[in-house]
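Have a look at input.csv; it's CSV, C-alpha atoms:
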```csv
chain,number,residue,atom,x,y,z
A,1,MET,CA,75.9,97.7,91.5
A,2,PRO,CA,76.1,96.2,94.9
A,3,GLN,CA,73.4,93.6,95.4
A,4,GLU,CA,71.0,93.6,98.3
A,5,ASN,CA,71.0,90.7,100.7
A,6,LYS,CA,74.4,89.5,99.5
A,7,THR,CA,77.9,89.9,100.8
A,8,SER,CA,80.3,91.0,98.1
A,9,THR,CA,83.7,92.6,97.9
A,10,GLY,CA,83.8,92.9,94.2
A,11,VAL,CA,87.1,90.9,94.3
A,12,GLY,CA,87.0,87.2,94.9
A,13,GLU,CA,85.3,85.6,97.9
A,14,PRO,CA,84.4,87.6,101.0
A,15,ARG,CA,87.0,87.4,103.7
A,16,LYS,CA,85.8,86.4,107.2
A,17,ASP,CA,86.7,87.9,110.5
A,18,CYS,CA,88.1,85.2,112.9
A,19,GLN,CA,87.3,81.9,114.5
A,20,VAL,CA,85.6,81.8,117.8
A,21,ASP,CA,85.3,78.9,120.2
A,22,THR,CA,82.2,79.6,122.3
A,23,GLY,CA,82.0,76.2,123.8
A,24,ARG,CA,78.3,75.7,123.0
A,25,ASP,CA,76.5,74.1,120.1
A,26,SER,CA,74.2,76.9,119.1
A,27,LYS,CA,73.5,79.0,116.0
A,28,ASP,CA,76.2,81.4,117.0
A,29,GLN,CA,78.6,78.5,117.3
A,30,GLN,CA,77.6,77.2,113.9
A,31,ILE,CA,78.3,80.6,112.4
A,32,ALA,CA,81.6,80.9,114.2
A,33,LYS,CA,82.8,77.6,112.8
A,34,LYS,CA,82.3,79.1,109.3
A,35,ILE,CA,84.5,82.0,110.0
A,36,ASP,CA,88.1,81.5,108.8
A,37,ALA,CA,90.7,81.8,111.6
A,38,GLU,CA,92.9,84.1,109.6
A,39,ASP,CA,95.6,83.7,112.1
A,40,MET,CA,93.7,85.8,114.7
A,41,PRO,CA,94.5,85.4,118.4
A,42,GLU,CA,92.3,83.1,120.4
A,43,LEU,CA,91.1,85.4,123.2
A,44,LYS,CA,91.4,83.4,126.4
A,45,ASP,CA,88.9,85.6,128.3
A,46,ASN,CA,86.3,86.1,125.6
A,47,GLN,CA,83.5,86.0,128.2
A,48,GLU,CA,84.7,89.4,129.6
A,49,PHE,CA,83.8,91.0,126.2
A,50,LEU,CA,80.3,89.5,126.4
A,51,GLU,CA,79.7,90.9,129.9
A,52,ASP,CA,81.4,94.3,129.4
A,53,GLU,CA,78.8,97.0,128.8
A,54,GLN,CA,80.9,99.7,130.5
A,55,VAL,CA,82.6,102.6,128.7
A,56,SER,CA,86.3,102.4,129.1
A,57,LEU,CA,89.6,102.4,127.3
A,58,ASP,CA,92.1,99.7,127.9
A,59,LEU,CA,95.4,101.5,128.2
A,60,SER,CA,97.3,98.5,129.7
A,61,GLU,CA,99.8,96.2,128.0
A,62,PRO,CA,98.0,93.8,125.6
A,63,PRO,CA,97.4,90.3,126.9
A,64,PRO,CA,99.9,87.5,125.8
A,65,GLU,CA,97.7,86.3,122.9
A,66,ILE,CA,97.5,89.7,121.4
A,67,LEU,CA,101.3,90.2,121.8
A,68,GLU,CA,101.7,86.8,120.1
A,69,TYR,CA,99.6,88.0,117.2
A,70,ALA,CA,101.7,91.1,117.0
A,71,ARG,CA,104.8,89.0,116.9
A,72,ARG,CA,103.4,86.7,114.2
A,73,GLU,CA,101.6,89.3,112.0
A,74,LEU,CA,103.5,92.5,112.6
A,75,GLY,CA,107.0,91.1,113.4
A,76,GLU,CA,106.9,92.8,116.8
A,77,THR,CA,109.3,91.8,119.6
A,78,ASP,CA,110.9,93.8,122.3
A,79,GLU,CA,114.2,93.8,120.4
A,80,VAL,CA,112.5,94.8,117.1
A,81,LYS,CA,110.5,97.5,118.8
A,82,CYS,CA,113.5,99.1,120.5
A,83,GLN,CA,115.6,99.1,117.4
A,84,MET,CA,112.9,100.3,115.0
A,85,LEU,CA,111.8,103.1,117.3
A,86,GLN,CA,115.3,104.5,117.3
A,87,GLU,CA,115.7,104.1,113.5
A,88,PHE,CA,112.2,105.7,113.0
A,89,ARG,CA,113.1,108.6,115.2
A,90,ASP,CA,116.4,109.1,113.4
A,91,MET,CA,114.6,109.0,110.0
A,92,ILE,CA,112.1,111.7,111.0
A,93,TYR,CA,114.9,114.0,112.2
A,94,GLU,CA,117.1,113.3,109.2
A,95,ARG,CA,114.5,113.8,106.5
A,96,GLY,CA,112.7,116.7,108.1
A,97,GLU,CA,109.5,116.2,106.1
A,98,CYS,CA,107.3,116.8,109.2
A,99,LEU,CA,107.7,118.3,112.7
A,100,PRO,CA,105.8,115.9,115.1
A,101,HIS,CA,104.5,117.5,118.3
A,102,ARG,CA,105.6,114.4,120.1
A,103,MET,CA,108.5,112.0,119.6
A,104,ASP,CA,108.0,109.7,122.6
A,105,ASP,CA,107.9,105.9,122.1
A,106,ASN,CA,104.2,105.5,122.8
A,107,PHE,CA,103.3,108.0,120.0
A,108,LEU,CA,105.7,106.7,117.4
A,109,LEU,CA,104.9,103.1,118.1
A,110,ARG,CA,101.3,103.5,116.7
A,111,PHE,CA,102.8,104.4,113.3
A,112,LEU,CA,105.1,101.4,113.2
A,113,ARG,CA,102.4,99.0,114.2
A,114,ALA,CA,100.0,100.5,111.6
A,115,ARG,CA,102.6,99.6,108.9
A,116,ASN,CA,103.8,96.3,110.3
A,117,TYR,CA,107.2,97.8,111.2
A,118,ASN,CA,108.0,98.8,107.6
A,119,LEU,CA,110.2,101.8,108.3
A,120,LYS,CA,109.6,103.7,105.0
A,121,SER,CA,105.9,103.1,105.1
A,122,ALA,CA,105.7,104.2,108.7
A,123,HIS,CA,107.6,107.4,107.8
A,124,ARG,CA,105.3,108.1,104.9
A,125,LEU,CA,102.3,107.6,107.2
A,126,ILE,CA,103.5,110.1,109.8
A,127,VAL,CA,104.3,112.6,107.1
A,128,ASN,CA,100.8,112.1,105.7
A,129,TYR,CA,99.3,112.4,109.2
A,130,TYR,CA,100.8,115.9,109.7
A,131,ASN,CA,100.2,117.0,106.1
A,132,PHE,CA,96.5,116.1,106.6
A,133,LYS,CA,96.3,118.0,109.8
A,134,GLY,CA,97.9,121.0,108.1
A,135,GLU,CA,95.5,120.8,105.1
A,136,HIS,CA,92.4,120.4,107.2
A,137,PRO,CA,92.7,122.4,110.4
A,138,GLU,CA,89.0,122.9,110.5
A,139,ILE,CA,88.4,119.2,111.5
A,140,TYR,CA,91.0,119.4,114.3
A,141,GLN,CA,89.3,122.2,116.0
A,142,GLN,CA,87.8,121.4,119.4
A,143,MET,CA,84.1,120.4,119.1
A,144,GLU,CA,81.5,122.4,120.9
A,145,ILE,CA,79.6,120.6,123.7
A,146,GLU,CA,76.2,121.2,122.1
A,147,GLN,CA,77.4,119.8,118.8
A,148,ILE,CA,78.6,116.6,120.4
A,149,LYS,CA,75.2,116.3,122.0
A,150,ILE,CA,73.4,116.7,118.7
A,151,LEU,CA,75.5,114.0,117.1
A,152,GLY,CA,74.6,111.7,120.0
A,153,ASP,CA,70.9,112.6,120.1
A,154,ASP,CA,70.6,112.1,116.3
A,155,ASP,CA,72.4,108.7,116.6
A,156,VAL,CA,74.6,109.6,113.6
A,157,MET,CA,77.6,107.8,114.9
A,158,THR,CA,78.4,105.6,117.8
A,159,VAL,CA,81.2,103.4,119.2
A,160,PRO,CA,79.8,100.4,121.1
A,161,PRO,CA,81.3,99.8,124.5
A,162,TYR,CA,82.1,96.2,123.5
A,163,ARG,CA,84.3,94.7,120.8
A,164,THR,CA,84.0,92.1,118.1
A,165,GLN,CA,84.6,88.5,118.9
A,166,CYS,CA,88.2,89.1,117.9
A,167,GLY,CA,88.7,92.1,120.2
A,168,ARG,CA,88.4,94.8,117.6
A,169,ARG,CA,86.6,98.1,118.2
A,170,ILE,CA,83.6,99.1,115.9
A,171,ILE,CA,82.5,102.5,114.7
A,172,ILE,CA,78.9,102.7,113.4
A,173,TYR,CA,77.7,105.4,111.1
A,174,ARG,CA,74.0,105.8,110.5
A,175,VAL,CA,74.3,108.2,107.6
A,176,GLY,CA,70.5,108.5,107.1
A,177,ASN,CA,70.1,110.0,110.5
A,178,TRP,CA,72.4,112.9,109.6
A,179,ASP,CA,70.6,116.1,108.4
A,180,PRO,CA,73.0,118.1,106.3
A,181,ARG,CA,70.9,121.2,106.9
A,182,LYS,CA,71.6,121.1,110.7
A,183,TYR,CA,75.4,120.7,110.5
A,184,PRO,CA,78.0,120.3,107.7
A,185,VAL,CA,80.0,117.2,107.0
A,186,GLU,CA,83.0,118.7,108.7
A,187,GLU,CA,81.3,118.1,112.0
A,188,LEU,CA,81.2,114.4,111.2
A,189,PHE,CA,84.9,114.5,110.4
A,190,LYS,CA,85.7,116.3,113.7
A,191,ALA,CA,83.8,113.6,115.6
A,192,THR,CA,85.6,110.8,113.6
A,193,VAL,CA,89.0,112.3,114.4
A,194,SER,CA,88.2,112.5,118.1
A,195,VAL,CA,87.1,108.8,118.1
A,196,LEU,CA,90.2,107.6,116.2
A,197,GLU,CA,92.5,109.6,118.5
A,198,PHE,CA,90.8,108.1,121.5
A,199,GLY,CA,91.0,104.6,119.9
A,200,LEU,CA,94.7,104.9,119.3
A,201,LEU,CA,95.3,105.2,123.0
A,202,GLU,CA,94.6,101.5,123.3
A,203,PRO,CA,97.7,99.3,122.4
A,204,THR,CA,95.4,96.4,121.5
A,205,ALA,CA,93.6,98.6,118.9
A,206,GLN,CA,97.0,99.6,117.4
A,207,ILE,CA,97.7,96.0,116.9
A,208,LEU,CA,94.3,94.6,115.7
A,209,GLY,CA,92.8,97.7,114.0
A,210,GLY,CA,89.1,98.2,113.9
A,211,SER,CA,86.0,97.6,111.9
A,212,VAL,CA,83.4,100.1,110.5
A,213,ILE,CA,79.7,99.7,109.8
A,214,PHE,CA,78.1,102.2,107.5
A,215,ASP,CA,74.3,102.0,107.7
A,216,PHE,CA,72.7,103.8,104.7
A,217,LYS,CA,69.1,103.3,105.6
A,218,ASN,CA,67.0,106.4,104.7
A,219,ILE,CA,69.7,108.2,102.8
A,220,THR,CA,68.6,110.7,100.2
A,221,MET,CA,70.1,112.8,97.4
A,222,ALA,CA,70.7,115.5,100.0
A,223,HIS,CA,73.3,113.2,101.5
A,224,ALA,CA,74.7,112.3,98.1
A,225,TRP,CA,75.2,115.9,97.1
A,226,THR,CA,77.5,116.4,100.2
A,227,VAL,CA,79.9,113.7,99.1
A,228,THR,CA,82.2,115.6,96.8
A,229,PRO,CA,85.5,114.2,95.5
A,230,GLN,CA,87.2,116.2,98.3
A,231,VAL,CA,85.1,114.7,101.0
A,232,ALA,CA,85.7,111.2,99.6
A,233,SER,CA,89.5,111.9,99.6
A,234,MET,CA,89.3,113.1,103.2
A,235,MET,CA,87.4,110.0,104.3
A,236,LEU,CA,89.9,107.7,102.6
A,237,SER,CA,92.8,109.6,104.1
A,238,LEU,CA,91.4,109.0,107.6
A,239,MET,CA,90.8,105.4,107.0
A,240,VAL,CA,93.8,104.4,104.8
A,241,THR,CA,96.6,106.8,104.2
A,242,SER,CA,96.9,109.4,106.9
A,243,PHE,CA,95.9,107.9,110.2
A,244,PRO,CA,97.9,105.3,112.2
A,245,ILE,CA,95.2,102.8,112.6
A,246,LYS,CA,94.3,99.8,110.5
A,247,THR,CA,90.8,99.4,109.0
A,248,HIS,CA,90.2,95.7,109.2
A,249,ALA,CA,86.8,95.7,107.4
A,250,ILE,CA,84.1,98.1,106.2
A,251,HIS,CA,80.5,96.7,106.3
A,252,ILE,CA,77.8,98.4,104.2
A,253,LEU,CA,74.2,98.0,105.2
A,254,HIS,CA,71.0,99.0,103.4
A,255,GLN,CA,72.7,100.3,100.3
A,256,SER,CA,70.4,101.7,97.6
A,257,TRP,CA,70.6,103.6,94.3
A,258,VAL,CA,71.5,106.7,96.3
A,259,PHE,CA,74.3,104.8,97.8
A,260,ASP,CA,75.5,103.8,94.3
A,261,ALA,CA,75.8,107.5,93.5
A,262,ILE,CA,77.9,108.0,96.6
A,263,PHE,CA,80.0,104.9,96.1
A,264,ALA,CA,80.8,106.0,92.5
A,265,VAL,CA,82.7,108.9,93.9
A,266,PHE,CA,84.8,106.6,96.2
A,267,LYS,CA,85.4,103.7,93.9
A,268,PRO,CA,88.1,105.2,91.7
A,269,LEU,CA,90.1,106.1,94.8
A,270,LEU,CA,90.1,102.5,96.2
A,271,ASP,CA,93.0,100.1,95.5
A,272,THR,CA,92.5,96.4,95.4
A,273,ASN,CA,93.5,95.9,99.0
A,274,MET,CA,90.9,98.4,100.2
A,275,ARG,CA,88.2,96.9,98.0
A,276,ASN,CA,88.8,93.5,99.5
A,277,LYS,CA,87.9,95.0,102.9
A,278,ILE,CA,84.5,96.2,101.8
A,279,PHE,CA,81.4,94.0,102.3
A,280,PHE,CA,77.9,94.7,101.1
A,281,HIS,CA,75.2,93.2,103.1
A,282,GLY,CA,72.0,95.1,102.1
A,283,SER,CA,69.4,94.2,104.7
A,284,ASP,CA,70.7,90.7,105.3
A,285,TYR,CA,71.9,90.7,108.9
A,286,GLU,CA,72.8,87.1,108.7
A,287,SER,CA,75.4,88.0,106.1
A,288,LEU,CA,76.8,90.6,108.6
A,289,HIS,CA,76.8,87.9,111.3
A,290,GLU,CA,79.2,85.8,109.2
A,291,HIS,CA,81.8,88.5,110.0
A,292,ILE,CA,80.7,89.8,113.4
A,293,LEU,CA,78.7,87.5,115.7
A,294,PRO,CA,75.3,88.6,117.0
A,295,THR,CA,76.8,88.5,120.5
A,296,HIS,CA,78.9,91.4,119.5
A,297,LEU,CA,76.4,93.5,117.6
A,298,PRO,CA,73.6,95.9,118.6
A,299,LYS,CA,70.0,94.7,118.7
A,300,MET,CA,69.0,96.7,115.6
A,301,TYR,CA,71.4,94.5,113.5
A,302,GLY,CA,70.1,91.2,114.9
A,303,GLY,CA,72.5,91.3,117.8
A,304,ILE,CA,71.9,91.2,121.6
A,305,ARG,CA,73.8,94.3,122.7
A,306,ASN,CA,72.8,97.8,123.9
A,307,GLU,CA,74.3,101.0,122.6
A,308,LEU,CA,75.4,104.4,123.9
A,309,PRO,CA,75.1,107.8,122.3
A,310,TYR,CA,78.4,109.3,121.1
A,311,TYR,CA,78.6,111.9,124.0
A,312,LYS,CA,78.3,109.2,126.6
A,313,TRP,CA,81.7,108.0,125.7
A,314,ILE,CA,83.3,111.4,126.3
A,315,GLN,CA,81.4,111.8,129.6
A,316,ALA,CA,82.9,108.6,130.9
A,317,LEU,CA,86.4,109.0,129.5
A,318,ILE,CA,87.0,112.5,130.8
A,319,LYS,CA,86.8,111.1,134.3
A,320,ASN,CA,90.0,109.2,133.8
A,321,PRO,CA,93.1,111.4,134.6
A,322,LYS,CA,95.3,109.4,132.3
A,323,ILE,CA,93.0,110.0,129.4
A,324,ILE,CA,92.8,113.7,130.2
A,325,GLU,CA,96.6,113.8,130.1
A,326,GLU,CA,96.6,112.1,126.7
A,327,MET,CA,93.9,114.5,125.4
A,328,ASN,CA,96.0,117.4,126.3
A,329,LYS,CA,98.9,115.9,124.4
A,330,MET,CA,96.6,115.7,121.4
A,331,GLY,CA,95.7,119.3,121.7
A,332,TYR,CA,92.2,118.8,123.2
A,333,ILE,CA,92.0,121.1,126.2
A,334,LEU,CA,89.3,120.3,128.7
A,335,THR,CA,88.4,123.1,131.0
A,336,ASP,CA,86.4,122.8,134.3
A,337,GLU,CA,83.5,124.5,132.6
A,338,MET,CA,83.5,121.9,129.8
A,339,ARG,CA,83.6,119.1,132.4
A,340,GLU,CA,80.5,120.6,134.0
A,341,ASP,CA,78.7,120.9,130.6
A,342,PHE,CA,79.5,117.3,129.7
A,343,ALA,CA,78.2,116.1,133.1
A,344,ARG,CA,74.9,117.8,132.4
A,345,LEU,CA,74.3,116.1,129.1
A,346,LYS,CA,71.4,113.6,129.1
```
As structure tokens, how would this structure be written, given the file I've shared?
Amino acid sequence: MPQENKTSTGVGEPRKDCQVDTGRDSKDQQIAKKIDAEDMPELKDNQEFLEDEQVSLDLSEPPPEILEYARRELGETDEVKCQMLQEFRDMIYERGECLPHRMDDNFLLRFLRARNYNLKSAHRLIVNYYNFKGEHPEIYQQMEIEQIKILGDDDVMTVPPYRTQCGRRIIIYRVGNWDPRKYPVEELFKATVSVLEFGLLEPTAQILGGSVIFDFKNITMAHAWTVTPQVASMMLSLMVTSFPIKTHAIHILHQSWVFDAIFAVFKPLLDTNMRNKIFFHGSDYESLHEHILPTHLPKMYGGIRNELPYYKWIQALIKNPKIIEEMNKMGYILTDEMREDFARLK
């Protein structure tokens, strides 16, 4: 059973996030010094993350330090990228195990990066990606405007407009805020897919991956009953086997005996690598801060940052023509009426 107020992965010592040089002798600095570097890039303009409370996606080429990390950890260079993209495209055509709706470099590159340019693994991933879409068309249906607003108002999930000290995106789920009587678990999956597809538009996110925080405060058996083996399998597919983004770490907060019942469904499906990415913190936010600094966390978790409801992201992103173009490529059609409906959300 996971212990409250203690970080544990169940396998060895907890792995830390990255080293940060804040340049000041403070509690944050002391915590940062404890965090293992883990070959992470040293972000030269870290201060911009501290000051950025705006909703935006960075669609530009990653900065040199991120590209260096990609070279060192993923084996990515311009030459490797060019060669592997062609080989990957040839393999998809030759094997015929899936029919991608896109075959451009930008789309295929996310699969190669997610599997560190291992061609066979990247091919298996793109096949899994399309198999998953075919098996679960209900979660790829376009979400209704009102449903998006409900998710935002209930504060069930959120993506902060800032990153961790390492430049990773965070998704936060507050499972106890979800009322299964109001909307089924499929709506959460639809929202998750939308967030992940948006996140994949960022080259930096493709390289670094992201972190997830699951807050299980106030969960009840009504939540536990919804987590069937099929639901557990779908969640793991999105986070591990069938989506081209790396899950760097999963942080569990406020686990209880009800959580134990839920985790019992997931545990048999987790391999050692995935178990090593899960950290149980209970209500000990200082334990969480050993992985993500308070300067990069919302106030309710002992941080200093503000949050935005889920729909605020979409309101801001749909103002960007480039993102609208990418949404259309993903199959999300945004009409003028929908734009007006989003603009009215408050």
Find the residues near region 204-209 of chain A: any atom within 6 Å, counting all atoms listed in the file, skip ones fewer than 3 places away on the same chain, and give them as a PyMOL selection string. chain A and resi 62+110+245-248
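Across A:Ile304, A:Arg113, A:Ala232, A:Arg275, the tightest approach to His289 (chain A) is made by A:Ile304 when counting all atoms listed in the file.
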Tell me which of A:Ile171, A:Leu85, A:Val227, A:Ala114 sits closest to Glu73 (chain A), counting only C-alpha atoms. A:Ala114
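Distance check against Leu188 (chain A) using only C-alpha atoms: of A:Val159, A:Val175, A:Leu270, A:Leu108, the minimum falls on A:Val175.
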Selection as a PyMOL selection string: residues within 12 Å of (77.2, 104.4, 114.7), counting only C-alpha atoms: chain A and resi 151-161+169-178+188+191-192+195+211-216+251+253+297-298+300-301+307-310
So how far away is CA of Leu59 (chain A) from CA of Lys322 (chain A), in Å? 8.9 Å
Measure the distance from CA of Met234 (chain A) to CA of Tyr117 (chain A) in Å and round it to one decimal. 24.9 Å
Out of A:Pro203, A:Gln83, A:Ala224, A:Phe107, which residue has the shortest atom-to-atom distance to Pro63 (chain A) when counting only C-alpha atoms? A:Pro203
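Among the candidate residues A:Glu68, A:Glu138, A:Glu79, A:Asp336, the one lying nearest to Glu187 (chain A) is A:Glu138, with distances computed using only C-alpha atoms.
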